[in-house]
>>> print(open('model36.cif').read())   # mmCIF, C-alpha atoms and all ligand atoms
data_entry
loop_
_atom_site.label_atom_id
_atom_site.label_comp_id
_atom_site.auth_asym_id
_atom_site.auth_seq_id
_atom_site.Cartn_x
_atom_site.Cartn_y
_atom_site.Cartn_z
CA MET A 221 15.17 13.07 -23.57
CA HIS A 222 16.65 16.09 -21.86
CA TYR A 223 18.56 19.27 -22.61
CA PHE A 224 21.71 18.70 -20.58
CA SER A 225 24.62 17.98 -22.92
CA TYR A 226 28.27 18.67 -23.61
CA LYS A 227 29.13 21.32 -26.13
CA GLY A 228 32.83 20.66 -26.67
CA ASN A 229 34.16 19.96 -23.20
CA VAL A 230 31.57 22.02 -21.34
CA LEU A 231 28.37 20.59 -19.90
CA TYR A 232 25.37 22.80 -20.58
CA ALA A 233 21.80 23.10 -19.34
CA GLU A 234 20.14 24.27 -22.56
CA ASP A 235 22.37 27.25 -23.51
CA VAL A 236 23.93 27.87 -20.11
CA PRO A 237 27.21 26.27 -18.93
CA LEU A 238 26.62 24.53 -15.62
CA GLU A 239 30.02 25.69 -14.35
CA ALA A 240 28.84 29.30 -14.68
CA LEU A 241 25.73 28.51 -12.61
CA ALA A 242 27.82 26.84 -9.90
CA ARG A 243 30.01 29.95 -9.77
CA GLU A 244 27.09 32.38 -9.68
CA TYR A 245 24.75 30.61 -7.27
CA GLY A 246 27.14 28.33 -5.34
CA THR A 247 26.74 24.60 -4.61
CA PRO A 248 24.91 22.38 -3.83
CA LEU A 249 22.61 23.66 -6.56
CA TYR A 250 19.61 22.05 -8.25
CA VAL A 251 19.30 23.15 -11.87
CA TYR A 252 16.13 22.56 -13.90
CA SER A 253 15.68 22.83 -17.66
CA LYS A 254 12.40 24.47 -18.62
CA ALA A 255 12.50 23.11 -22.18
CA THR A 256 12.86 19.57 -20.82
CA VAL A 257 9.91 19.94 -18.46
CA LEU A 258 7.75 21.36 -21.25
CA ARG A 259 8.80 18.61 -23.62
CA HIS A 260 7.75 15.94 -21.15
CA ILE A 261 4.43 17.66 -20.41
CA GLN A 262 3.74 17.82 -24.16
CA ALA A 263 4.61 14.14 -24.56
CA TYR A 264 2.01 13.21 -21.92
CA LYS A 265 -0.58 15.60 -23.28
CA LYS A 266 -0.18 14.20 -26.76
CA ALA A 267 -0.34 10.61 -25.52
CA PHE A 268 -3.24 10.89 -23.08
CA CYS A 269 -5.08 14.20 -23.29
CA GLY A 270 -6.18 14.20 -26.93
CA SER A 271 -9.05 11.94 -25.98
CA GLY A 272 -9.97 14.12 -22.98
CA GLY A 273 -7.61 12.54 -20.46
CA ILE A 274 -6.32 14.54 -17.49
CA LEU A 275 -2.61 14.92 -16.70
CA CYS A 276 -2.11 15.17 -12.93
CA PHE A 277 1.54 15.81 -12.02
CA ALA A 278 2.64 13.98 -8.86
CA LEU A 279 3.81 16.83 -6.64
CA LYS A 280 5.86 14.56 -4.43
CA ALA A 281 8.46 14.33 -7.20
CA ASN A 282 9.12 18.06 -7.16
CA SER A 283 6.97 20.75 -5.62
CA ASN A 284 8.91 23.91 -6.44
CA GLY A 285 6.44 26.65 -7.35
CA ALA A 286 8.28 27.52 -10.57
CA VAL A 287 7.93 23.94 -11.80
CA LEU A 288 4.27 23.87 -10.74
CA LYS A 289 3.59 27.16 -12.52
CA LEU A 290 4.85 25.64 -15.78
CA LEU A 291 2.41 22.78 -15.27
CA ALA A 292 -0.43 25.15 -14.41
CA GLU A 293 0.26 27.20 -17.56
CA GLU A 294 0.04 23.97 -19.56
CA GLU A 295 -3.31 23.32 -17.88
CA ALA A 296 -2.05 20.23 -16.09
CA GLY A 297 -3.59 19.06 -12.85
CA ALA A 298 -1.99 17.57 -9.74
CA ASP A 299 -1.76 14.31 -7.86
CA ILE A 300 -1.36 15.18 -4.18
CA VAL A 301 -0.82 13.23 -0.98
CA SER A 302 -1.08 15.89 1.71
CA GLY A 303 -2.67 19.17 2.67
CA GLY A 304 0.71 20.79 2.12
CA GLU A 305 0.78 19.59 -1.48
CA LEU A 306 -2.76 20.88 -2.00
CA PHE A 307 -1.67 24.27 -0.67
CA ARG A 308 1.29 24.36 -3.06
CA ALA A 309 -0.73 23.20 -6.08
CA LEU A 310 -3.41 25.85 -5.54
CA LYS A 311 -0.82 28.55 -4.90
CA ALA A 312 0.80 27.75 -8.26
CA GLY A 313 -2.55 28.16 -9.99
CA ILE A 314 -3.40 24.51 -10.64
CA SER A 315 -7.16 24.12 -10.97
CA PRO A 316 -8.78 22.18 -8.08
CA SER A 317 -11.03 20.55 -10.67
CA LYS A 318 -7.91 18.67 -11.82
CA ILE A 319 -6.56 17.62 -8.43
CA VAL A 320 -6.67 14.01 -7.23
CA TYR A 321 -5.77 13.13 -3.67
CA ALA A 322 -4.19 9.76 -2.72
CA GLY A 323 -2.38 8.50 0.39
CA VAL A 324 -3.28 6.07 3.17
CA GLY A 325 -3.31 8.58 6.02
CA LYS A 326 -5.40 11.63 5.14
CA THR A 327 -6.38 13.50 8.33
CA ALA A 328 -9.82 15.00 8.95
CA ALA A 329 -8.31 18.49 8.62
CA GLU A 330 -6.76 17.60 5.26
CA ILE A 331 -10.01 16.05 4.02
CA GLU A 332 -11.91 19.18 5.02
CA PHE A 333 -9.39 21.44 3.26
CA ALA A 334 -9.69 19.40 0.05
CA LEU A 335 -13.50 19.32 0.21
CA LYS A 336 -13.68 23.07 0.69
CA LYS A 337 -11.42 23.57 -2.33
CA LYS A 338 -13.61 21.21 -4.41
CA ILE A 339 -10.92 18.87 -5.73
CA LEU A 340 -11.69 16.40 -8.52
CA MET A 341 -11.60 13.30 -6.30
CA PHE A 342 -10.19 11.47 -3.30
CA ASN A 343 -8.41 8.22 -4.13
CA VAL A 344 -9.54 6.30 -1.08
CA GLU A 345 -7.30 3.62 0.40
CA SER A 346 -9.34 2.02 3.21
CA GLY A 347 -12.85 1.50 4.55
CA GLU A 348 -12.20 3.62 7.61
CA GLU A 349 -10.88 6.43 5.44
CA MET A 350 -14.10 6.28 3.39
CA GLU A 351 -16.12 6.61 6.59
CA ALA A 352 -13.99 9.54 7.71
CA ILE A 353 -14.51 11.30 4.36
CA ASN A 354 -18.27 10.66 4.62
CA ARG A 355 -18.26 12.15 8.12
CA VAL A 356 -16.29 15.26 7.22
CA ALA A 357 -18.36 15.83 4.06
CA GLY A 358 -21.51 15.46 6.17
CA GLY A 359 -20.25 18.15 8.53
CA LEU A 360 -19.82 20.48 5.58
CA GLY A 361 -23.13 19.45 4.02
CA VAL A 362 -21.51 18.31 0.76
CA LYS A 363 -20.94 15.07 -1.15
CA ALA A 364 -17.32 13.94 -1.50
CA PRO A 365 -16.23 12.67 -4.93
CA VAL A 366 -14.31 9.43 -4.46
CA ALA A 367 -12.44 6.74 -6.35
CA LEU A 368 -11.27 3.50 -4.81
CA ARG A 369 -7.58 2.82 -5.01
CA VAL A 370 -7.45 -0.81 -5.99
CA ASN A 371 -4.44 -2.95 -5.15
CA PRO A 372 -4.22 -5.44 -8.03
CA ASP A 373 -1.45 -7.57 -6.49
CA VAL A 374 0.81 -7.25 -9.50
CA ASP A 375 4.59 -7.19 -9.15
CA PRO A 376 5.85 -3.95 -10.71
CA ARG A 377 9.42 -5.31 -10.73
CA THR A 378 11.04 -2.28 -9.19
CA HIS A 379 12.74 -1.50 -5.85
CA PRO A 380 10.60 -2.86 -2.96
CA TYR A 381 10.47 0.54 -1.24
CA ILE A 382 8.77 2.07 -4.28
CA SER A 383 6.55 -0.90 -5.15
CA THR A 384 2.95 -0.39 -4.08
CA GLY A 385 0.55 -2.64 -6.00
CA MET A 386 1.06 -5.86 -4.08
CA LYS A 387 -0.89 -7.16 -1.12
CA LYS A 388 2.11 -6.99 1.19
CA TYR A 389 2.15 -3.21 0.82
CA LYS A 390 -0.07 -0.73 2.64
CA PHE A 391 -1.64 0.82 -0.45
CA GLY A 392 -5.17 0.50 -1.81
CA MET A 393 -7.77 -2.20 -1.22
CA PRO A 394 -7.53 -5.77 -2.56
CA VAL A 395 -9.13 -6.03 -5.99
CA GLU A 396 -11.31 -8.96 -4.88
CA ASP A 397 -12.87 -6.77 -2.16
CA ALA A 398 -13.52 -3.85 -4.50
CA LEU A 399 -17.16 -4.61 -5.32
CA GLU A 400 -18.15 -5.00 -1.68
CA PHE A 401 -16.31 -1.81 -0.85
CA TYR A 402 -18.05 0.15 -3.60
CA GLY A 403 -21.38 -1.28 -2.45
CA LYS A 404 -20.83 0.06 1.06
CA ALA A 405 -19.65 3.45 -0.22
CA ALA A 406 -22.69 3.76 -2.49
CA LYS A 407 -24.90 3.66 0.61
CA MET A 408 -23.05 6.50 2.34
CA GLU A 409 -25.01 9.73 2.30
CA HIS A 410 -22.13 12.10 1.68
CA ILE A 411 -20.15 10.04 -0.81
CA ARG A 412 -20.39 10.35 -4.58
CA ILE A 413 -18.58 7.53 -6.38
CA THR A 414 -16.76 8.88 -9.40
CA GLY A 415 -13.84 6.64 -10.22
CA ILE A 416 -11.32 3.89 -9.76
CA HIS A 417 -7.58 4.25 -9.20
CA GLN A 418 -4.42 2.20 -9.45
CA HIS A 419 -0.78 3.04 -8.87
CA ILE A 420 1.44 -0.01 -8.64
CA GLY A 421 4.88 1.49 -8.16
CA SER A 422 7.53 3.86 -9.38
CA GLN A 423 10.44 3.67 -11.84
CA LEU A 424 8.75 0.94 -13.89
CA THR A 425 10.80 0.17 -16.98
CA ASP A 426 8.45 -2.41 -18.46
CA LEU A 427 4.89 -2.03 -19.79
CA ALA A 428 3.64 -5.48 -18.76
CA PRO A 429 2.87 -4.71 -15.09
CA PHE A 430 0.84 -1.61 -16.10
CA ARG A 431 -1.21 -3.76 -18.46
CA ASP A 432 -1.59 -6.67 -16.05
CA SER A 433 -2.85 -4.30 -13.39
CA LEU A 434 -5.32 -2.55 -15.67
CA LYS A 435 -6.66 -5.91 -16.83
CA LYS A 436 -7.51 -6.72 -13.22
CA LEU A 437 -9.38 -3.44 -12.80
CA LEU A 438 -11.54 -3.62 -15.90
CA PRO A 439 -13.86 -6.42 -14.74
CA VAL A 440 -14.54 -4.35 -11.62
CA VAL A 441 -15.63 -1.40 -13.77
CA GLU A 442 -17.91 -3.64 -15.87
CA LYS A 443 -19.50 -5.33 -12.86
CA LEU A 444 -20.10 -1.99 -11.15
CA ARG A 445 -21.85 -0.79 -14.28
CA GLY A 446 -24.03 -3.87 -14.15
CA SER A 447 -25.04 -2.98 -10.62
CA GLY A 448 -25.84 0.61 -11.52
CA ILE A 449 -22.62 2.29 -10.27
CA ASP A 450 -21.15 4.21 -13.17
CA LEU A 451 -17.54 5.34 -12.95
CA LYS A 452 -16.53 8.51 -14.73
CA TYR A 453 -12.76 8.45 -14.12
CA LEU A 454 -10.17 5.74 -14.51
CA ASP A 455 -6.95 6.86 -12.83
CA LEU A 456 -3.99 4.87 -14.17
CA GLY A 457 -1.52 6.27 -11.62
CA GLY A 458 2.06 7.25 -12.36
CA GLY A 459 5.21 5.20 -12.23
CA LEU A 460 6.78 5.38 -15.67
CA GLY A 461 10.55 5.06 -15.24
CA ILE A 462 13.35 7.18 -16.63
CA ARG A 463 16.84 6.37 -17.82
CA TYR A 464 19.31 6.80 -14.97
CA SER A 465 21.95 4.55 -16.54
CA ARG A 466 22.64 3.25 -20.00
CA ASP A 467 21.30 -0.17 -18.98
CA GLU A 468 17.78 1.17 -18.67
CA ASN A 469 15.47 1.69 -21.59
CA PRO A 470 12.08 2.68 -20.22
CA PRO A 471 9.06 3.20 -22.48
CA VAL A 472 7.94 6.74 -23.29
CA PRO A 473 4.42 8.14 -22.63
CA SER A 474 3.20 7.37 -26.16
CA GLN A 475 4.19 3.72 -25.68
CA LEU A 476 2.43 3.62 -22.31
CA ALA A 477 -0.70 5.08 -23.89
CA GLY A 478 -0.40 2.73 -26.87
CA SER A 479 -0.30 -0.21 -24.51
CA LEU A 480 -3.10 0.84 -22.13
CA LEU A 481 -5.63 2.95 -24.00
CA PRO A 482 -6.77 0.19 -26.42
CA LEU A 483 -7.82 -1.84 -23.37
CA ILE A 484 -10.28 0.83 -22.31
CA LYS A 485 -11.48 1.97 -25.69
CA GLY A 486 -15.23 2.25 -25.77
CA LEU A 487 -15.53 2.08 -22.00
CA GLY A 488 -16.59 5.72 -21.85
CA VAL A 489 -14.33 6.71 -18.95
CA THR A 490 -12.07 9.75 -18.64
CA VAL A 491 -8.47 8.69 -18.14
CA VAL A 492 -6.30 10.30 -15.45
CA VAL A 493 -2.50 9.84 -15.39
CA GLU A 494 -0.25 10.81 -12.47
CA PRO A 495 3.38 10.94 -13.61
CA GLY A 496 6.02 12.55 -11.44
CA ARG A 497 9.48 11.27 -12.23
CA SER A 498 9.00 10.98 -16.01
CA ILE A 499 8.11 14.70 -16.16
CA ILE A 500 10.79 16.19 -13.92
CA GLY A 501 13.43 13.49 -13.21
CA ASN A 502 15.72 14.08 -16.16
CA ALA A 503 14.81 17.76 -16.24
CA GLY A 504 16.97 18.45 -13.18
CA VAL A 505 20.56 17.95 -12.05
CA LEU A 506 22.38 18.54 -8.79
CA LEU A 507 25.63 20.48 -8.96
CA THR A 508 28.18 19.82 -6.29
CA LYS A 509 31.81 20.75 -5.71
CA CYS A 510 34.66 18.43 -4.83
CA LEU A 511 35.99 19.51 -1.44
CA TYR A 512 38.69 16.90 -0.88
CA ARG A 513 39.99 13.58 -2.12
CA LYS A 514 41.48 10.76 -0.13
CA SER A 515 42.47 7.16 -0.41
CA THR A 516 42.39 4.54 2.32
CA GLY A 517 44.36 1.92 0.46
CA GLU A 518 41.12 0.03 -0.02
CA LYS A 519 39.00 2.84 -1.46
CA ASN A 520 39.25 6.17 -3.21
CA PHE A 521 36.89 8.82 -1.90
CA VAL A 522 35.76 11.95 -3.67
CA ILE A 523 34.30 14.15 -0.91
CA VAL A 524 31.77 16.63 -2.24
CA ASP A 525 29.62 19.37 -0.73
CA ALA A 526 26.29 17.61 -1.39
CA GLY A 527 25.20 14.71 0.76
CA MET A 528 22.35 12.33 1.44
CA ASN A 529 20.40 15.26 2.88
CA ASP A 530 20.44 16.81 -0.63
CA LEU A 531 19.88 13.62 -2.64
CA LEU A 532 18.69 10.68 -0.58
CA ARG A 533 18.02 8.23 -3.42
CA PRO A 534 21.47 6.52 -3.57
CA SER A 535 21.50 6.00 0.22
CA LEU A 536 17.88 4.92 0.55
CA TYR A 537 17.39 2.78 -2.55
CA GLY A 538 20.96 2.18 -3.73
CA SER A 539 19.97 4.16 -6.83
CA PHE A 540 22.38 4.89 -9.62
CA HIS A 541 22.86 8.53 -10.69
CA GLU A 542 25.39 9.41 -13.33
CA VAL A 543 28.09 11.83 -12.07
CA LEU A 544 29.66 13.96 -14.79
CA PRO A 545 32.34 16.66 -14.72
CA ALA A 546 31.01 20.13 -15.55
CA ILE A 547 34.15 20.55 -17.68
CA LYS A 548 35.58 17.54 -19.42
CA SER A 549 39.34 17.09 -19.80
CA ARG A 550 41.77 14.35 -20.74
CA ARG A 551 42.72 12.53 -17.58
CA ALA A 552 43.15 9.13 -15.99
CA PHE A 553 40.22 7.11 -14.70
CA GLN A 554 39.79 5.71 -11.21
CA VAL A 555 37.20 3.78 -9.23
CA ALA A 556 35.88 5.90 -6.38
CA ASP A 557 33.01 6.53 -3.98
CA VAL A 558 31.50 9.99 -4.28
CA VAL A 559 30.52 10.85 -0.72
CA GLY A 560 28.99 13.78 1.11
CA PRO A 561 29.89 15.52 4.37
CA ILE A 562 27.21 13.76 6.47
CA CYS A 563 28.43 11.70 9.39
CA GLU A 564 27.15 8.34 8.20
CA SER A 565 28.83 5.69 6.07
CA GLY A 566 25.55 5.43 4.16
CA ASP A 567 26.09 8.96 2.87
CA PHE A 568 27.12 8.50 -0.74
CA LEU A 569 26.02 9.74 -4.15
CA ALA A 570 27.92 7.07 -6.09
CA LYS A 571 29.66 3.87 -5.03
CA ASP A 572 32.57 2.05 -6.67
CA ARG A 573 32.11 4.28 -9.68
CA ARG A 574 34.60 4.24 -12.54
CA MET A 575 35.10 7.91 -13.28
CA PRO A 576 37.73 10.43 -14.33
CA VAL A 577 40.06 11.44 -11.50
CA VAL A 578 38.36 14.45 -9.93
CA LYS A 579 40.24 17.65 -9.09
CA GLU A 580 39.89 19.54 -5.83
CA GLY A 581 37.37 22.36 -6.31
CA GLU A 582 35.94 20.83 -9.46
CA THR A 583 32.19 21.02 -10.16
CA LEU A 584 30.42 17.70 -10.63
CA CYS A 585 26.98 17.23 -12.02
CA VAL A 586 24.71 14.54 -10.58
CA MET A 587 22.24 13.66 -13.32
CA GLY A 588 18.57 12.77 -13.01
CA ALA A 589 18.12 14.69 -9.76
CA GLY A 590 14.99 16.62 -10.74
CA ALA A 591 12.57 14.13 -9.19
CA TYR A 592 12.73 13.14 -5.52
CA GLY A 593 15.84 15.30 -5.10
CA TYR A 594 14.92 18.55 -3.41
CA SER A 595 11.54 17.15 -2.39
CA MET A 596 13.21 14.48 -0.24
CA SER A 597 15.96 16.76 1.08
CA SER A 598 16.39 17.57 4.75
CA ASN A 599 18.43 19.65 7.16
CA TYR A 600 20.15 16.59 8.64
CA ASN A 601 23.48 17.51 10.25
CA SER A 602 22.08 21.08 10.33
CA ARG A 603 22.93 21.61 6.70
CA PRO A 604 21.00 24.45 5.06
CA ARG A 605 19.33 23.22 1.89
CA GLY A 606 20.77 24.26 -1.48
CA ALA A 607 19.29 26.67 -3.98
CA GLU A 608 17.20 25.88 -7.07
CA VAL A 609 17.61 27.52 -10.47
CA MET A 610 15.47 27.34 -13.61
CA VAL A 611 17.22 27.59 -16.98
CA ASP A 612 15.31 28.80 -20.01
CA GLY A 613 17.45 28.95 -23.16
CA LYS A 614 20.25 31.41 -22.44
CA SER A 615 18.62 32.81 -19.31
CA HIS A 616 18.41 31.48 -15.78
CA ARG A 617 16.84 32.54 -12.54
CA LEU A 618 16.83 31.57 -8.90
CA VAL A 619 13.57 29.82 -8.07
CA ARG A 620 14.44 29.12 -4.45
CA ARG A 621 17.19 30.83 -2.51
CA ARG A 622 19.77 28.86 -0.56
CA GLU A 623 18.80 28.39 3.09
CA THR A 624 20.69 30.27 5.78
CA TYR A 625 21.63 29.30 9.32
CA GLN A 626 18.69 31.41 10.50
CA ASP A 627 16.36 29.19 8.44
CA LEU A 628 17.61 26.23 10.48
CA ILE A 629 16.14 27.59 13.69
CA LYS A 630 13.05 29.39 12.39
CA GLY A 631 10.03 28.06 14.19
CA GLU A 632 11.99 26.89 17.24
CA LEU A 633 10.58 28.19 20.52
N1 LIG A 701 0.70 8.49 -7.93
C1 LIG A 701 0.83 7.95 -6.70
C2 LIG A 701 -0.37 7.56 -5.96
C3 LIG A 701 2.12 7.77 -6.16
O1 LIG A 701 2.25 7.23 -4.96
C4 LIG A 701 3.27 8.15 -6.90
C5 LIG A 701 4.61 7.99 -6.36
C6 LIG A 701 3.07 8.72 -8.18
C7 LIG A 701 1.75 8.88 -8.65
C8 LIG A 701 4.18 9.22 -9.03
O2 LIG A 701 5.05 8.20 -9.38
P1 LIG A 701 6.22 8.49 -10.45
O3 LIG A 701 5.57 8.79 -11.78
O4 LIG A 701 7.04 9.62 -9.95
O5 LIG A 701 6.99 7.22 -10.46
N2 LIG A 701 11.07 8.53 -3.65
C9 LIG A 701 11.06 7.48 -4.63
C10 LIG A 701 9.79 7.46 -5.42
C11 LIG A 701 8.54 7.33 -4.57
C12 LIG A 701 7.29 7.32 -5.37
C13 LIG A 701 6.09 7.37 -4.50
N3 LIG A 701 4.85 7.47 -5.21
C14 LIG A 701 12.28 7.61 -5.52
O6 LIG A 701 13.08 8.54 -5.32
O7 LIG A 701 12.50 6.78 -6.40
#
>>> encode(input="model36.cif", output="structure tokens")
Amino acid sequence: MHYFSYKGNVLYAEDVPLEALAREYGTPLYVYSKATVLRHIQAYKKAFCGSGGILCFALKANSNGAVLKLLAEEEAGADIVSGGELFRALKAGISPSKIVYAGVGKTAAEIEFALKKKILMFNVESGEEMEAINRVAGGLGVKAPVALRVNPDVDPRTHPYISTGMKKYKFGMPVEDALEFYGKAAKMEHIRITGIHQHIGSQLTDLAPFRDSLKKLLPVVEKLRGSGIDLKYLDLGGGLGIRYSRDENPPVPSQLAGSLLPLIKGLGVTVVVEPGRSIIGNAGVLLTKCLYRKSTGEKNFVIVDAGMNDLLRPSLYGSFHEVLPAIKSRRAFQVADVVGPICESGDFLAKDRRMPVVKEGETLCVMGAGAYGYSMSSNYNSRPRGAEVMVDGKSHRLVRRRETYQDLIKGEL
């Protein structure tokens, strides 16, 4: 559910016409709906936090401070994968006691930063990483709280680049090695075992893989108990999909909770969830302007002012994003590629899309761009990044200014 909809012929974000935002702030422009973000946070809180669970927003989906502040105000935590994300989460006021840290390549400096800030736990992905954490914690004279990220070898049935929970991917440790791994960690002087973690992939539209994965983790928890290692936290990861096209019908947080929580009832663990996309994906759109149109005889092209540097998902994963006119009108349809200005044939936002014939100068709205939009953007082709705006009812405000040419060279020596 989101609050972007047509009122008559005009596409609105809550109570603000998107065309007016494009005019005021220029394009490319990322527009977020506060009410949508809050709605999704509430949905997760209701589903998972009633019983004491912790909601840790995956910062990689969107790390704008205004978005993070909303989460902090709602007392959400964070799932981070770098020192930079820790810095942003803390700056936005997210409590370190609700921050979990995953990722296969944490550096000693990042580990030290997180230890000093007293995060909730490290989700450890290899034996050598565990040793490194033990070493750094020893240097600081503290004990590091850790969970093991377990790779259950379950097919999440999503795009291979965003699948993680199978043995052929670099994430986590094989479930059959988990007990041995925990045994070794338990003997390390500066390690305190606190949990177990899974995250099998992203944009999952089916509940079965979540359940299958959890079912593989539970025997590990039981056996550890038997050997005197008690886990406090069970981190279920993120990965719940959103609806990008009408063909998709992903479950909502209450359905995810309804499917998973009964499996762990009575286990006495605190549940952690790490959603990114399902909080912010449909809460953001990317506005872009049609610069030119052309036809090659074989193809129609709609050339817009946003490219793969602004929204990489279609180019990288072949992802579908709906493209809607900011102002609807009666007109003919055509099949076209919506392409950006980047000098690569892989630079497209939509391919072979049946859509209304676009006018020169017209504002188009790329839906579902709130997650992995700005956060994956770049300056490729020396294009300054666009601005970000937060809409709240009738009001709106700039939450990141558009980059300038000077920004392109800042830091160069
Ligand atoms: N937790 C961990 C350990 C993760 O690696 C991820 C995402 C999440 C949570 C959040 O997953 P979500 O709820 O957003 O699905 N750039 C890709 C998505 C990459 C996801 C990477 N990990 C895309 O645009 O589809």
>>> residues_near_point(input="model36.cif", point="(-1.7, -6.1, -5.9)", cutoff="7 Å", atoms="all atoms listed in the file", output="ChimeraX atom specification")
/A:371-374,385-387,394
>>> residues_around(input="model36.cif", residues="Ala607 in chain A", least_positions_apart="3", cutoff="8 Å", atoms="all atoms listed in the file", output="ChimeraX atom specification")
/A:245,247-250,618-623
>>> closest_atom_pairs(input="model36.cif", of="chain A", to="ligand LIG 701 (chain A)", cutoff="6 Å", atoms="all atoms listed in the file", output="tab-separated table")
residue	atom	partner	partner_atom	distance
A:Ala278	CA	A:LIG701	C8	5.0
A:Ala281	CA	A:LIG701	O4	5.6
A:Ala322	CA	A:LIG701	C2	5.5
A:Ile382	CA	A:LIG701	C11	5.3
A:His419	CA	A:LIG701	C2	5.4
A:Ser422	CA	A:LIG701	O5	3.6
A:Gln423	CA	A:LIG701	O5	5.1
A:Gly457	CA	A:LIG701	N1	4.8
A:Gly458	CA	A:LIG701	O3	3.9
A:Gly459	CA	A:LIG701	O5	3.2
A:Leu460	CA	A:LIG701	O3	5.3
A:Glu494	CA	A:LIG701	C7	4.7
A:Pro495	CA	A:LIG701	O3	3.6
A:Gly496	CA	A:LIG701	O4	3.4
A:Arg497	CA	A:LIG701	O4	3.7
A:Ser498	CA	A:LIG701	O3	5.9
A:Arg533	CA	A:LIG701	O6	5.3
A:Tyr592	CA	A:LIG701	O6	4.6
>>> residues_around(input="model36.cif", residues="Ala428 in chain A", least_positions_apart="6", cutoff="10 Å", atoms="only C-alpha atoms", output="JSON, numbers by chain")
{"A": [374, 375, 376, 377, 434, 476, 479, 480]}
>>> residues_around(input="model36.cif", residues="range 326-339 of chain A", least_positions_apart="6", cutoff="10 Å", atoms="all atoms listed in the file", output="count of residues only")
28
>>> closest_residue(input="model36.cif", among="A:Leu456, A:Val522, A:Met393, A:Ile300", to="Ser346 in chain A", atoms="only C-alpha atoms")
A:Met393
>>> atom_distance(input="model36.cif", atom1="CA of Cys269 in chain A", atom2="CA of Arg463 in chain A")
23.9 Å
>>> closest_residue(input="model36.cif", among="A:Leu454, A:Leu584, A:Ile562, A:Ala286", to="Ser602 in chain A", atoms="only C-alpha atoms")
A:Ile562
>>> residues_around(input="model36.cif", residues="Thr490 in chain A", least_positions_apart="2", cutoff="9 Å", atoms="all atoms listed in the file", output="list of chain:residue names")
A:Ser271, A:Gly272, A:Gly273, A:Ile274, A:Lys452, A:Tyr453, A:Leu454, A:Asp455, A:Gly488, A:Val492
>>> atom_distance(input="model36.cif", atom1="CA of Ala267 in chain A", atom2="CA of Val491 in chain A")
11.1 Å
>>> closest_residue(input="model36.cif", among="A:Leu506, A:Asp572, A:Gln554, A:Gly527", to="Leu241 in chain A", atoms="all atoms listed in the file")
A:Leu506
>>> closest_residue(input="model36.cif", among="A:Gly588, A:Pro429, A:Gly446, A:Gly415", to="Ala503 in chain A", atoms="all atoms listed in the file")
A:Gly588
>>> residues_around(input="model36.cif", residues="Ile547 in chain A", least_positions_apart="2", cutoff="8 Å", atoms="only C-alpha atoms", output="JSON, numbers by chain")
{"A": [229, 230, 231, 239, 545, 549, 583]}
>>> closest_residue(input="model36.cif", among="A:Asp450, A:Lys404, A:Ile500, A:Asp299", to="Glu348 in chain A", atoms="all atoms listed in the file")
A:Lys404
>>> residues_near_point(input="model36.cif", point="(27.5, 14.4, -14.7)", cutoff="8 Å", atoms="all atoms listed in the file", output="PDB file with C-alpha atoms, in the coordinates of the input")
ATOM      1  CA  GLU A 542      25.390   9.410 -13.330  1.00  0.00           C
ATOM      2  CA  VAL A 543      28.090  11.830 -12.070  1.00  0.00           C
ATOM      3  CA  LEU A 544      29.660  13.960 -14.790  1.00  0.00           C
ATOM      4  CA  PRO A 545      32.340  16.660 -14.720  1.00  0.00           C
ATOM      5  CA  ALA A 546      31.010  20.130 -15.550  1.00  0.00           C
ATOM      6  CA  LEU A 584      30.420  17.700 -10.630  1.00  0.00           C
ATOM      7  CA  CYS A 585      26.980  17.230 -12.020  1.00  0.00           C
ATOM      8  CA  VAL A 586      24.710  14.540 -10.580  1.00  0.00           C
ATOM      9  CA  MET A 587      22.240  13.660 -13.320  1.00  0.00           C
TER      10      MET A 587
END
>>> closest_residue(input="model36.cif", among="A:Arg605, A:Lys485, A:Lys571, A:His410", to="Leu438 in chain A", atoms="all atoms listed in the file")
A:Lys485
>>> build_atoms(input="model36.cif", residues="range 471-475 of chain A", atoms="N, CA, C and O atoms", output="PDB file, keeping the file's coordinate frame")
ATOM      1  N   PRO A 471       9.964   2.710 -21.428  1.00  0.00           N
ATOM      2  CA  PRO A 471       9.060   3.200 -22.480  1.00  0.00           C
ATOM      3  C   PRO A 471       8.767   4.684 -22.297  1.00  0.00           C
ATOM      4  O   PRO A 471       8.962   5.227 -21.211  1.00  0.00           O
ATOM      5  N   VAL A 472       8.306   5.315 -23.362  1.00  0.00           N
ATOM      6  CA  VAL A 472       7.940   6.740 -23.290  1.00  0.00           C
ATOM      7  C   VAL A 472       6.417   6.832 -23.175  1.00  0.00           C
ATOM      8  O   VAL A 472       5.711   5.840 -23.378  1.00  0.00           O
ATOM      9  N   PRO A 473       5.867   8.026 -22.835  1.00  0.00           N
ATOM     10  CA  PRO A 473       4.420   8.140 -22.630  1.00  0.00           C
ATOM     11  C   PRO A 473       3.580   7.613 -23.788  1.00  0.00           C
ATOM     12  O   PRO A 473       2.548   6.963 -23.571  1.00  0.00           O
ATOM     13  N   SER A 474       4.023   7.840 -25.039  1.00  0.00           N
ATOM     14  CA  SER A 474       3.200   7.370 -26.160  1.00  0.00           C
ATOM     15  C   SER A 474       3.124   5.839 -26.166  1.00  0.00           C
ATOM     16  O   SER A 474       2.095   5.257 -26.533  1.00  0.00           O
ATOM     17  N   GLN A 475       4.214   5.190 -25.742  1.00  0.00           N
ATOM     18  CA  GLN A 475       4.190   3.720 -25.680  1.00  0.00           C
ATOM     19  C   GLN A 475       3.283   3.245 -24.542  1.00  0.00           C
ATOM     20  O   GLN A 475       2.564   2.252 -24.690  1.00  0.00           O
TER      21      GLN A 475
END
